[in-house]
file input19.pdb (PDB, C-alpha atoms)
ATOM      1  CA  MET A   1      20.392  17.981 -32.597
ATOM      2  CA  PRO A   2      18.540  14.743 -31.786
ATOM      3  CA  VAL A   3      20.697  11.646 -31.350
ATOM      4  CA  PRO A   4      19.522   8.315 -32.813
ATOM      5  CA  VAL A   5      18.930   5.640 -30.185
ATOM      6  CA  ARG A   6      17.969   1.979 -30.418
ATOM      7  CA  ILE A   7      16.041   0.437 -27.535
ATOM      8  CA  PRO A   8      15.980  -3.364 -27.230
ATOM      9  CA  ILE A   9      12.660  -5.210 -26.937
ATOM     10  CA  GLY A  10      13.541  -8.876 -26.712
ATOM     11  CA  PRO A  11      15.285  -9.962 -29.923
ATOM     12  CA  ALA A  12      14.212  -6.786 -31.781
ATOM     13  CA  SER A  13      14.629  -3.058 -31.127
ATOM     14  CA  LEU A  14      12.812   0.267 -31.417
ATOM     15  CA  ASP A  15      14.330   3.279 -33.182
ATOM     16  CA  GLY A  16      14.137   6.726 -31.629
ATOM     17  CA  ASP A  17      15.540  10.240 -31.705
ATOM     18  CA  LEU A  18      16.671  11.600 -28.334
ATOM     19  CA  SER A  19      17.362  15.223 -27.524
ATOM     20  CA  VAL A  20      18.396  16.455 -24.065
ATOM     21  CA  PRO A  21      19.088  20.223 -23.903
ATOM     22  CA  PRO A  22      21.732  21.409 -21.429
ATOM     23  CA  GLY A  23      20.225  21.787 -17.974
ATOM     24  CA  ALA A  24      17.082  19.787 -18.787
ATOM     25  CA  ARG A  25      15.273  18.460 -15.711
ATOM     26  CA  ALA A  26      12.541  16.577 -17.538
ATOM     27  CA  LEU A  27      12.040  14.603 -20.740
ATOM     28  CA  VAL A  28       8.909  14.105 -22.834
ATOM     29  CA  LEU A  29       8.399  10.710 -24.477
ATOM     30  CA  PHE A  30       6.193  10.832 -27.590
ATOM     31  CA  ALA A  31       3.662   8.143 -28.490
ATOM     32  CA  HIS A  32       2.557   8.744 -32.068
ATOM     33  CA  GLY A  33      -0.860   7.951 -33.456
ATOM     34  CA  SER A  34      -2.417   5.658 -36.009
ATOM     35  CA  GLY A  35      -0.191   4.968 -38.991
ATOM     36  CA  SER A  36       2.369   7.609 -37.976
ATOM     37  CA  SER A  37       6.019   7.428 -36.905
ATOM     38  CA  ARG A  38       8.706   9.352 -35.066
ATOM     39  CA  HIS A  39       9.063  11.427 -38.240
ATOM     40  CA  SER A  40       5.541  12.887 -37.866
ATOM     41  CA  PRO A  41       5.887  16.588 -38.765
ATOM     42  CA  ARG A  42       3.296  17.516 -36.134
ATOM     43  CA  ASN A  43       5.115  15.746 -33.318
ATOM     44  CA  GLN A  44       8.447  17.055 -34.601
ATOM     45  CA  PHE A  45       7.017  20.580 -34.426
ATOM     46  CA  VAL A  46       5.856  20.090 -30.841
ATOM     47  CA  ALA A  47       9.170  18.481 -29.851
ATOM     48  CA  ARG A  48      11.228  21.400 -31.102
ATOM     49  CA  LEU A  49       9.111  23.860 -29.092
ATOM     50  CA  LEU A  50       9.437  21.727 -25.959
ATOM     51  CA  GLU A  51      13.197  21.676 -26.411
ATOM     52  CA  ARG A  52      13.220  25.474 -26.617
ATOM     53  CA  ARG A  53      11.491  25.443 -23.232
ATOM     54  CA  GLY A  54      14.339  23.357 -21.809
ATOM     55  CA  LEU A  55      12.671  19.942 -21.981
ATOM     56  CA  GLY A  56      14.283  16.804 -23.354
ATOM     57  CA  THR A  57      12.378  14.811 -25.966
ATOM     58  CA  LEU A  58      12.347  11.242 -27.238
ATOM     59  CA  LEU A  59      10.402  10.493 -30.397
ATOM     60  CA  ILE A  60      10.164   6.731 -30.715
ATOM     61  CA  ASP A  61       8.725   4.243 -33.180
ATOM     62  CA  LEU A  62       6.676   1.871 -31.037
ATOM     63  CA  LEU A  63       6.634  -0.739 -33.802
ATOM     64  CA  THR A  64       9.648  -2.428 -35.378
ATOM     65  CA  PRO A  65      10.210  -1.867 -39.119
ATOM     66  CA  GLU A  66       8.795  -5.342 -39.800
ATOM     67  CA  GLU A  67       5.706  -4.629 -37.699
ATOM     68  CA  GLU A  68       5.190  -1.265 -39.396
ATOM     69  CA  ALA A  69       5.346  -2.928 -42.813
ATOM     70  CA  ARG A  70       2.692  -5.417 -41.724
ATOM     71  CA  ASP A  71       0.557  -2.740 -40.107
ATOM     72  CA  ARG A  72       0.434  -0.705 -43.311
ATOM     73  CA  TYR A  73      -1.670  -3.514 -44.797
ATOM     74  CA  THR A  74      -3.604  -4.757 -41.766
ATOM     75  CA  ALA A  75      -3.874  -1.604 -39.552
ATOM     76  CA  GLU A  76      -4.185  -3.976 -36.614
ATOM     77  CA  LEU A  77      -1.165  -3.087 -34.490
ATOM     78  CA  ARG A  78      -1.802   0.664 -34.382
ATOM     79  CA  PHE A  79      -4.950  -0.075 -32.343
ATOM     80  CA  ASP A  80      -3.280  -2.648 -30.085
ATOM     81  CA  ILE A  81      -3.179  -0.370 -27.044
ATOM     82  CA  GLU A  82      -1.834  -3.095 -24.739
ATOM     83  CA  LEU A  83       1.129  -3.698 -27.054
ATOM     84  CA  LEU A  84       1.848   0.016 -27.517
ATOM     85  CA  ALA A  85       1.580   0.704 -23.782
ATOM     86  CA  ASP A  86       3.944  -2.192 -23.023
ATOM     87  CA  ARG A  87       6.441  -0.723 -25.476
ATOM     88  CA  LEU A  88       6.164   2.676 -23.794
ATOM     89  CA  VAL A  89       6.786   1.063 -20.405
ATOM     90  CA  THR A  90       9.899  -0.596 -21.829
ATOM     91  CA  VAL A  91      11.137   2.783 -23.058
ATOM     92  CA  ILE A  92      10.364   4.440 -19.702
ATOM     93  CA  ASP A  93      12.377   1.745 -17.920
ATOM     94  CA  TRP A  94      15.210   2.140 -20.442
ATOM     95  CA  LEU A  95      15.327   5.906 -19.823
ATOM     96  CA  GLY A  96      15.510   5.241 -16.099
ATOM     97  CA  ALA A  97      18.582   3.056 -16.619
ATOM     98  CA  GLN A  98      20.596   5.469 -18.797
ATOM     99  CA  PRO A  99      23.089   7.816 -17.103
ATOM    100  CA  GLY A 100      22.024  10.791 -19.216
ATOM    101  CA  THR A 101      18.296  10.469 -18.533
ATOM    102  CA  ALA A 102      17.902   8.545 -15.260
ATOM    103  CA  SER A 103      17.505  11.729 -13.192
ATOM    104  CA  LEU A 104      14.906  13.356 -15.489
ATOM    105  CA  ALA A 105      11.197  13.513 -14.727
ATOM    106  CA  ILE A 106       9.206  11.807 -17.479
ATOM    107  CA  GLY A 107       6.243  13.261 -19.345
ATOM    108  CA  LEU A 108       4.224  11.427 -21.991
ATOM    109  CA  PHE A 109       2.811  13.089 -25.103
ATOM    110  CA  GLY A 110       0.318  10.909 -26.964
ATOM    111  CA  ALA A 111      -1.398  11.629 -30.284
ATOM    112  CA  SER A 112      -4.520   9.877 -31.571
ATOM    113  CA  THR A 113      -4.364   6.216 -30.461
ATOM    114  CA  GLY A 114      -1.056   7.078 -28.802
ATOM    115  CA  GLY A 115      -3.078   9.056 -26.255
ATOM    116  CA  GLY A 116      -4.674   5.853 -25.001
ATOM    117  CA  ALA A 117      -1.325   4.061 -24.933
ATOM    118  CA  ALA A 118       0.287   6.937 -23.023
ATOM    119  CA  LEU A 119      -2.376   6.826 -20.313
ATOM    120  CA  ALA A 120      -2.138   3.046 -20.003
ATOM    121  CA  ALA A 121       1.640   3.352 -19.628
ATOM    122  CA  ALA A 122       1.229   6.130 -17.047
ATOM    123  CA  ALA A 123      -1.041   3.841 -15.038
ATOM    124  CA  ALA A 124       1.581   1.083 -15.229
ATOM    125  CA  ARG A 125       4.434   3.372 -14.099
ATOM    126  CA  PRO A 126       2.841   5.887 -11.690
ATOM    127  CA  ALA A 127       6.108   6.630  -9.895
ATOM    128  CA  GLN A 128       7.974   7.432 -13.108
ATOM    129  CA  VAL A 129       5.426   9.419 -15.160
ATOM    130  CA  ALA A 130       4.980  12.984 -13.899
ATOM    131  CA  ALA A 131       2.537  14.320 -16.504
ATOM    132  CA  VAL A 132       0.597  13.321 -19.620
ATOM    133  CA  VAL A 133      -0.617  15.359 -22.604
ATOM    134  CA  SER A 134      -2.908  13.908 -25.271
ATOM    135  CA  ARG A 135      -3.274  15.655 -28.664
ATOM    136  CA  GLY A 136      -6.438  14.747 -30.534
ATOM    137  CA  GLY A 137      -6.158  11.539 -28.580
ATOM    138  CA  ARG A 138      -8.275   8.530 -27.783
ATOM    139  CA  PRO A 139      -7.903   8.333 -23.996
ATOM    140  CA  ASP A 140     -10.981   6.108 -23.930
ATOM    141  CA  LEU A 141      -8.837   3.342 -25.443
ATOM    142  CA  ALA A 142      -6.909   3.130 -22.155
ATOM    143  CA  GLY A 143     -10.021   1.415 -20.794
ATOM    144  CA  ALA A 144      -9.599  -0.111 -17.344
ATOM    145  CA  SER A 145      -6.291   1.745 -16.851
ATOM    146  CA  LEU A 146      -7.964   5.167 -16.664
ATOM    147  CA  PRO A 147      -8.863   5.118 -12.935
ATOM    148  CA  HIS A 148      -5.293   4.095 -12.104
ATOM    149  CA  VAL A 149      -3.573   7.047 -13.806
ATOM    150  CA  LYS A 150      -1.990   9.289 -11.166
ATOM    151  CA  ALA A 151      -0.201  11.786 -13.432
ATOM    152  CA  PRO A 152      -1.860  15.168 -14.098
ATOM    153  CA  THR A 153      -3.324  14.866 -17.581
ATOM    154  CA  LEU A 154      -4.075  17.484 -20.234
ATOM    155  CA  LEU A 155      -6.402  16.462 -23.054
ATOM    156  CA  VAL A 156      -6.172  18.789 -26.075
ATOM    157  CA  VAL A 157      -8.786  18.371 -28.808
ATOM    158  CA  GLY A 158      -9.901  20.364 -31.827
ATOM    159  CA  GLY A 159     -13.121  22.308 -31.471
ATOM    160  CA  ASP A 160     -14.411  20.854 -34.751
ATOM    161  CA  ASP A 161     -13.447  17.287 -33.817
ATOM    162  CA  GLU A 162     -16.784  16.638 -32.122
ATOM    163  CA  PRO A 163     -16.705  12.810 -31.875
ATOM    164  CA  VAL A 164     -13.287  12.931 -30.214
ATOM    165  CA  ILE A 165     -14.420  15.673 -27.818
ATOM    166  CA  ALA A 166     -17.183  13.366 -26.615
ATOM    167  CA  LEU A 167     -14.753  10.467 -26.188
ATOM    168  CA  ASN A 168     -12.394  12.673 -24.173
ATOM    169  CA  HIS A 169     -15.225  13.816 -21.902
ATOM    170  CA  ALA A 170     -16.205  10.182 -21.319
ATOM    171  CA  ALA A 171     -12.604   9.241 -20.473
ATOM    172  CA  MET A 172     -12.252  12.139 -18.034
ATOM    173  CA  ARG A 173     -15.274  10.934 -16.095
ATOM    174  CA  ARG A 174     -13.443   7.662 -15.431
ATOM    175  CA  MET A 175     -10.208   9.303 -14.308
ATOM    176  CA  ARG A 176      -9.313  10.045 -10.702
ATOM    177  CA  ALA A 177      -6.158  12.031 -11.461
ATOM    178  CA  HIS A 178      -6.234  15.759 -12.098
ATOM    179  CA  ALA A 179      -7.377  16.102 -15.722
ATOM    180  CA  THR A 180      -8.143  19.132 -17.877
ATOM    181  CA  LEU A 181      -9.751  19.304 -21.312
ATOM    182  CA  GLU A 182      -8.465  22.086 -23.580
ATOM    183  CA  VAL A 183     -10.525  22.692 -26.739
ATOM    184  CA  VAL A 184      -8.714  24.534 -29.547
ATOM    185  CA  ARG A 185     -11.366  26.467 -31.410
ATOM    186  CA  GLY A 186     -11.478  26.078 -35.179
ATOM    187  CA  ALA A 187      -9.224  23.008 -35.181
ATOM    188  CA  THR A 188      -9.960  19.627 -36.716
ATOM    189  CA  HIS A 189      -8.466  16.282 -35.702
ATOM    190  CA  LEU A 190      -4.940  16.848 -37.062
ATOM    191  CA  PHE A 191      -4.686  20.540 -36.103
ATOM    192  CA  GLU A 192      -3.806  21.488 -39.668
ATOM    193  CA  GLU A 193      -5.478  24.901 -39.491
ATOM    194  CA  PRO A 194      -3.127  27.922 -39.210
ATOM    195  CA  GLY A 195      -1.997  28.582 -35.667
ATOM    196  CA  THR A 196      -3.752  25.599 -34.082
ATOM    197  CA  LEU A 197      -0.734  23.330 -33.701
ATOM    198  CA  GLU A 198       1.159  26.235 -32.161
ATOM    199  CA  GLN A 199      -1.566  26.380 -29.504
ATOM    200  CA  VAL A 200      -1.226  22.652 -28.842
ATOM    201  CA  ALA A 201       2.533  22.984 -28.438
ATOM    202  CA  ALA A 202       2.206  25.964 -26.091
ATOM    203  CA  HIS A 203      -0.378  24.217 -23.907
ATOM    204  CA  ALA A 204       1.770  21.062 -23.788
ATOM    205  CA  ALA A 205       4.941  22.973 -22.901
ATOM    206  CA  ASP A 206       3.215  24.854 -20.082
ATOM    207  CA  TRP A 207       1.766  21.610 -18.703
ATOM    208  CA  PHE A 208       5.032  19.682 -18.776
ATOM    209  CA  VAL A 209       7.079  22.542 -17.346
ATOM    210  CA  LYS A 210       4.589  22.965 -14.496
ATOM    211  CA  TYR A 211       4.084  19.345 -13.485
ATOM    212  CA  CYS A 212       7.435  17.819 -14.383
ATOM    213  CA  THR A 213       9.251  20.610 -12.563
ATOM    214  CA  ALA A 214       7.025  20.007  -9.538
ATOM    215  CA  ALA A 215       7.896  16.305  -9.652
ATOM    216  CA  VAL A 216      11.629  17.082  -9.744
ATOM    217  CA  HIS A 217      11.244  19.462  -6.813
ATOM    218  CA  GLN A 218       9.375  16.864  -4.744
ATOM    219  CA  GLU A 219      12.015  14.252  -5.492
ATOM    220  CA  THR A 220      14.780  16.681  -4.494
ATOM    221  CA  MET A 221      13.044  17.420  -1.191
ATOM    222  CA  LYS A 222      13.013  13.691  -0.356
ATOM    223  CA  GLN A 223      16.780  13.421  -0.738
TER     224      GLN A 223
END
call {"tool": "encode", "arguments": {"input": "input19.pdb", "output": "structure tokens"}}
result
Amino acid sequence: MPVPVRIPIGPASLDGDLSVPPGARALVLFAHGSGSSRHSPRNQFVARLLERRGLGTLLIDLLTPEEEARDRYTAELRFDIELLADRLVTVIDWLGAQPGTASLAIGLFGASTGGGAALAAAAARPAQVAAVVSRGGRPDLAGASLPHVKAPTLLVVGGDDEPVIALNHAAMRRMRAHATLEVVRGATHLFEEPGTLEQVAAHAADWFVKYCTAAVHQETMKQ
């Protein structure tokens, strides 16, 4: 069962739910999308599948309760990629300082605008982030950070989400890291169609197991 955690950011804190299965060698940090939270049923679904594959998960609210209340009316903070990426970096550093997670390879799973924030955070912490997956994401919002991402990146988009497909293609052209675009046929932006979210979760699990495990192996060989 996930354990509630509270991560300090200056005078405030971020609420999260942390789950580390026995024997886990990697942990996936979730960056939710526009107007969502750590309680997103889609991200919860993906997290549970990742845990069954032996991966730890941390679903985190990147805004404080006060900021979320304000954002519900203004919708300004959910598109503040610099702020969201900075929060993710804070969480990555926090994970690296905790005895139970310090040795785990880190993967980032971003949804919608969280995809852009995840890539910006990966560029800021290249030594810590082993892999990135974006679900229906806006990697283009990472802007100038894109060429600096070193982590292997999987971009998963719905086949019927044509504007976002184009934005993902444009972002890939700016990336130097290994990047793959996976199009789920018959899916729209939120992957609400039967069986489509299961495909997202399976692709994400395979990607994180492959690249996070490789990162752990490389680190072990250095020791």
call {"tool": "closest_residue", "arguments": {"input": "input19.pdb", "among": "A:Thr90, A:Thr213, A:Thr74, A:Asn43", "to": "A:Gly136", "atoms": "all atoms listed in the file"}}
result
A:Asn43
call {"tool": "residues_near_point", "arguments": {"input": "input19.pdb", "point": "(5.2, 21.8, -13.2)", "cutoff": "12 Å", "atoms": "only C-alpha atoms", "output": "list of chain:residue names"}}
result
A:Arg25, A:Ala26, A:Leu55, A:Ala105, A:Ile106, A:Gly107, A:Ala130, A:Ala131, A:Val132, A:Ala151, A:Pro152, A:Thr153, A:Ala204, A:Ala205, A:Asp206, A:Trp207, A:Phe208, A:Val209, A:Lys210, A:Tyr211, A:Cys212, A:Thr213, A:Ala214, A:Ala215, A:Val216, A:His217, A:Gln218
call {"tool": "write_last_selection", "arguments": {"input": "input19.pdb", "atoms": "C-alpha atoms", "output": "PDB file, keeping the file's coordinate frame"}}
result
ATOM      1  CA  ARG A  25      15.273  18.460 -15.711  1.00  0.00           C
ATOM      2  CA  ALA A  26      12.541  16.577 -17.538  1.00  0.00           C
ATOM      3  CA  LEU A  55      12.671  19.942 -21.981  1.00  0.00           C
ATOM      4  CA  ALA A 105      11.197  13.513 -14.727  1.00  0.00           C
ATOM      5  CA  ILE A 106       9.206  11.807 -17.479  1.00  0.00           C
ATOM      6  CA  GLY A 107       6.243  13.261 -19.345  1.00  0.00           C
ATOM      7  CA  ALA A 130       4.980  12.984 -13.899  1.00  0.00           C
ATOM      8  CA  ALA A 131       2.537  14.320 -16.504  1.00  0.00           C
ATOM      9  CA  VAL A 132       0.597  13.321 -19.620  1.00  0.00           C
ATOM     10  CA  ALA A 151      -0.201  11.786 -13.432  1.00  0.00           C
ATOM     11  CA  PRO A 152      -1.860  15.168 -14.098  1.00  0.00           C
ATOM     12  CA  THR A 153      -3.324  14.866 -17.581  1.00  0.00           C
ATOM     13  CA  ALA A 204       1.770  21.062 -23.788  1.00  0.00           C
ATOM     14  CA  ALA A 205       4.941  22.973 -22.901  1.00  0.00           C
ATOM     15  CA  ASP A 206       3.215  24.854 -20.082  1.00  0.00           C
ATOM     16  CA  TRP A 207       1.766  21.610 -18.703  1.00  0.00           C
ATOM     17  CA  PHE A 208       5.032  19.682 -18.776  1.00  0.00           C
ATOM     18  CA  VAL A 209       7.079  22.542 -17.346  1.00  0.00           C
ATOM     19  CA  LYS A 210       4.589  22.965 -14.496  1.00  0.00           C
ATOM     20  CA  TYR A 211       4.084  19.345 -13.485  1.00  0.00           C
ATOM     21  CA  CYS A 212       7.435  17.819 -14.383  1.00  0.00           C
ATOM     22  CA  THR A 213       9.251  20.610 -12.563  1.00  0.00           C
ATOM     23  CA  ALA A 214       7.025  20.007  -9.538  1.00  0.00           C
ATOM     24  CA  ALA A 215       7.896  16.305  -9.652  1.00  0.00           C
ATOM     25  CA  VAL A 216      11.629  17.082  -9.744  1.00  0.00           C
ATOM     26  CA  HIS A 217      11.244  19.462  -6.813  1.00  0.00           C
ATOM     27  CA  GLN A 218       9.375  16.864  -4.744  1.00  0.00           C
TER      28      GLN A 218
END
call {"tool": "atom_distance", "arguments": {"input": "input19.pdb", "atom1": "atom CA of A:Ala166", "atom2": "atom CA of A:His189"}}
result
12.9 Å
call {"tool": "residues_around", "arguments": {"input": "input19.pdb", "residues": "A:Glu82", "least_positions_apart": "2", "cutoff": "12 Å", "atoms": "all atoms listed in the file", "output": "ChimeraX atom specification"}}
result
/A:62,77-80,84-89,113-114,116-121,123-124,141-145
call {"tool": "atom_distance", "arguments": {"input": "input19.pdb", "atom1": "atom CA of A:Gly186", "atom2": "atom CA of A:Asn168"}}
result
17.4 Å
call {"tool": "resolve_selection", "arguments": {"input": "input19.pdb", "expression": "the PyMOL selection byres ((chain A and resi 65-73) around 10)", "output": "ChimeraX atom specification"}}
result
/A:12-15,34-37,61-64,74-79
call {"tool": "closest_residue", "arguments": {"input": "input19.pdb", "among": "A:Ala97, A:Val28, A:Ile81, A:Ala201", "to": "A:Thr57", "atoms": "only C-alpha atoms"}}
result
A:Val28
call {"tool": "residues_near_point", "arguments": {"input": "input19.pdb", "point": "(-0.8, 28.9, -29.6)", "cutoff": "12 Å", "atoms": "only C-alpha atoms", "output": "JSON list (two decimals) with C-alpha atoms, in the frame of the given file"}}
result
[["chain", "number", "residue", "atom", "x", "y", "z"],
["A", 46, "VAL", "CA", 5.86, 20.09, -30.84],
["A", 49, "LEU", "CA", 9.11, 23.86, -29.09],
["A", 156, "VAL", "CA", -6.17, 18.79, -26.08],
["A", 182, "GLU", "CA", -8.46, 22.09, -23.58],
["A", 183, "VAL", "CA", -10.52, 22.69, -26.74],
["A", 184, "VAL", "CA", -8.71, 24.53, -29.55],
["A", 185, "ARG", "CA", -11.37, 26.47, -31.41],
["A", 187, "ALA", "CA", -9.22, 23.01, -35.18],
["A", 191, "PHE", "CA", -4.69, 20.54, -36.10],
["A", 193, "GLU", "CA", -5.48, 24.90, -39.49],
["A", 194, "PRO", "CA", -3.13, 27.92, -39.21],
["A", 195, "GLY", "CA", -2.00, 28.58, -35.67],
["A", 196, "THR", "CA", -3.75, 25.60, -34.08],
["A", 197, "LEU", "CA", -0.73, 23.33, -33.70],
["A", 198, "GLU", "CA", 1.16, 26.24, -32.16],
["A", 199, "GLN", "CA", -1.57, 26.38, -29.50],
["A", 200, "VAL", "CA", -1.23, 22.65, -28.84],
["A", 201, "ALA", "CA", 2.53, 22.98, -28.44],
["A", 202, "ALA", "CA", 2.21, 25.96, -26.09],
["A", 203, "HIS", "CA", -0.38, 24.22, -23.91],
["A", 204, "ALA", "CA", 1.77, 21.06, -23.79],
["A", 205, "ALA", "CA", 4.94, 22.97, -22.90],
["A", 206, "ASP", "CA", 3.22, 24.85, -20.08]]
call {"tool": "atom_distance", "arguments": {"input": "input19.pdb", "atom1": "atom CA of A:Pro147", "atom2": "atom CA of A:Ala177"}}
result
7.6 Å
call {"tool": "closest_residue", "arguments": {"input": "input19.pdb", "among": "A:Leu155, A:Ala31, A:Leu58, A:Met172", "to": "A:Phe109", "atoms": "only C-alpha atoms"}}
result
A:Ala31
call {"tool": "closest_residue", "arguments": {"input": "input19.pdb", "among": "A:Pro126, A:Pro163, A:Gly96, A:Pro41", "to": "A:Lys150", "atoms": "all atoms listed in the file"}}
result
A:Pro126
